[in-house]
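**Q** Mind looking over this structure? Questions follow.
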Amino acid sequence: MNRLLQPRTIHRLFLLAAAPFLGMGIWLAAAGPGLTLSLSDEAYPEFNLPAPPAAGTLTERVASGLDKAIGLAGETNESIRKEAELFDKASAAAGRLAKLAAAQVGKPYAIYDRRITARLGTPVEEVRSNRITAQLFHVKAQHFNGYALKVKLKSNQAMRMVLGKDTYGGAETTLSAVKRLGAVAGVNAGGFADKKGKRYPLSTTIVNGKYVSGFEASYKDLFFVGMNDKMQLIGGKFKSQEELDKLNPQFGASFVPILMKNGRPQPIPEKWKTTPRRAPRTVIANYKDDQLLILVVDGYDEKGSSGATLEELQILLERYGVKDAYNLDGGGSSSLVFNGRVINKPSDGELRKLPTHFLFFK
């Protein structure tokens, strides 16, 4: 419940509040005029604001800074331009050096190719593509005539070996195989044996990286010759499949004998010196740059009175500068097809049906 303050109570409250001020007034009055308050500069130091810059000074500073920045940017830009020019010149010089180096790397091979080609004579026909370069030459010797096909393989699709009609025991002419598979050239491959009306490839034969009838260790003078996964000619006598597998053969066939190894003629077995002495021949060889050379010699029969001896072929191959060379099946089997036609003169009067063929593709 509220209760109004009485006048008496209000007077007391104001007296209490004003008591300190009344006391101070009485003290000042007693002190008299001798009491003064001194307000010195030290007690209240003067506060001075910085003077405003003169007219135009701030603008000049900003403009000067901008000029310096623009000058520095110009110098930087000029430096970058010069460095870019130097880089372009260095890149162009490097490009020229790279081209020169590439040309110099290829130069020895070009010189070598011209040298071995010159030994063969002038090509009478050639085929060039991104897969293969094949050049055909005529061979004229004292006792025989023949043909040489120099082949540069540029792709692992440029050469393969096929079975007659793609069947083990099948047979067809080289011309038939060439036309059937669209090859640009073809040559007969390994030897064969007939059995029960079928024609089987002799000894170890590999097609598409697989053994057609298993591995057979070399016996007597038989060898295996074919191509590896790098399209390099491989060949020789092998005692085990593991030994041959180390060379990664992709295809190949067998026959007899080996004619050249590392540029040196190999001994000719006595039997093959006289049986027959002369005959139509087919040889596959390679150069040290992995180009191939196919030789096919004409002969009118297999009685030993026409064609070439194996020793004569060795002399010719050595003159041509080949590295390794292998005698393939000859006589009536010798076949060379180029650009859709038969090049040699088969001793049977027509091409023989064979179980294996080396084909070349454009």
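Ligands are numbered from 1 in the order shown, chains are lettered A, B, ... in the order of the structure tokens, and residues start at 1 in each chain.
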List as an MDAnalysis selection string the protein and nucleic acid residues near Asn145 of chain A, meaning an atom at most 12 Å away when only C-alpha atoms are counted, but skip any in the same chain fewer than 5 places from it.
**A** chainID A and resid 137:140 279:281 295:300 306:308 312:313 316 344:345
**Q** Determine, counting only C-alpha atoms, which protein, DNA and RNA residues have an atom within 10 Å of an atom of Ala177 of chain A; residues of the same chain fewer than 2 positions away are not included. Present the result as a list in words.
**A**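 Using only C-alpha atoms, the neighbours found are Val162, Leu163, Gly164, Lys165, Asp166, Ala171, Glu172, Thr173, Thr174, Leu175, Lys179, Arg180, Leu181, Gly182, Ala183, Ala185, Gly186, Val187, Val337, Lys353, Leu354, Thr356, His357, Phe358 and Leu359 of chain A.
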**Q** In terms of the shortest atom-to-atom distance over only C-alpha atoms, which of A:Leu292, A:Ile206, A:Glu216, A:Asp301 is closest to Ala134 of chain A?
**A** A:Leu292
**Q** How far is it from atom CA of Gly263 of chain A to atom CA of Val322 of chain A, in Å with one decimal?
**A**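 Those two atoms sit 6.0 Å apart.
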**Q** Could you tell me how far atom CA of Lys154 of chain A lies from atom CA of Ala285 of chain A, in Å and to one decimal?
**A**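 Atom-to-atom, atom CA of Lys154 of chain A to atom CA of Ala285 of chain A, that is 17.1 Å.
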**Q** Return the single residue from A:Gly71, A:Gly209, A:Pro123, A:Pro257 that is closest to Pro269 of chain A, with distances computed using only C-alpha atoms.
**A**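 Checking each of A:Gly71, A:Gly209, A:Pro123, A:Pro257 against Pro269 of chain A, counting only C-alpha atoms, the winner is A:Pro257.
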**Q** Taking into account only C-alpha atoms, which residue in the set A:Lys362, A:Lys323, A:Arg128, A:Arg160 is nearest to Asn228 of chain A?
**A** A:Arg160
**Q** Rounded to one decimal in Å, what is the spacing between atom CA of Leu233 of chain A and atom CA of Arg119 of chain A?
**A**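 Taking atom CA of Leu233 of chain A and atom CA of Arg119 of chain A, their separation equals 21.1 Å.
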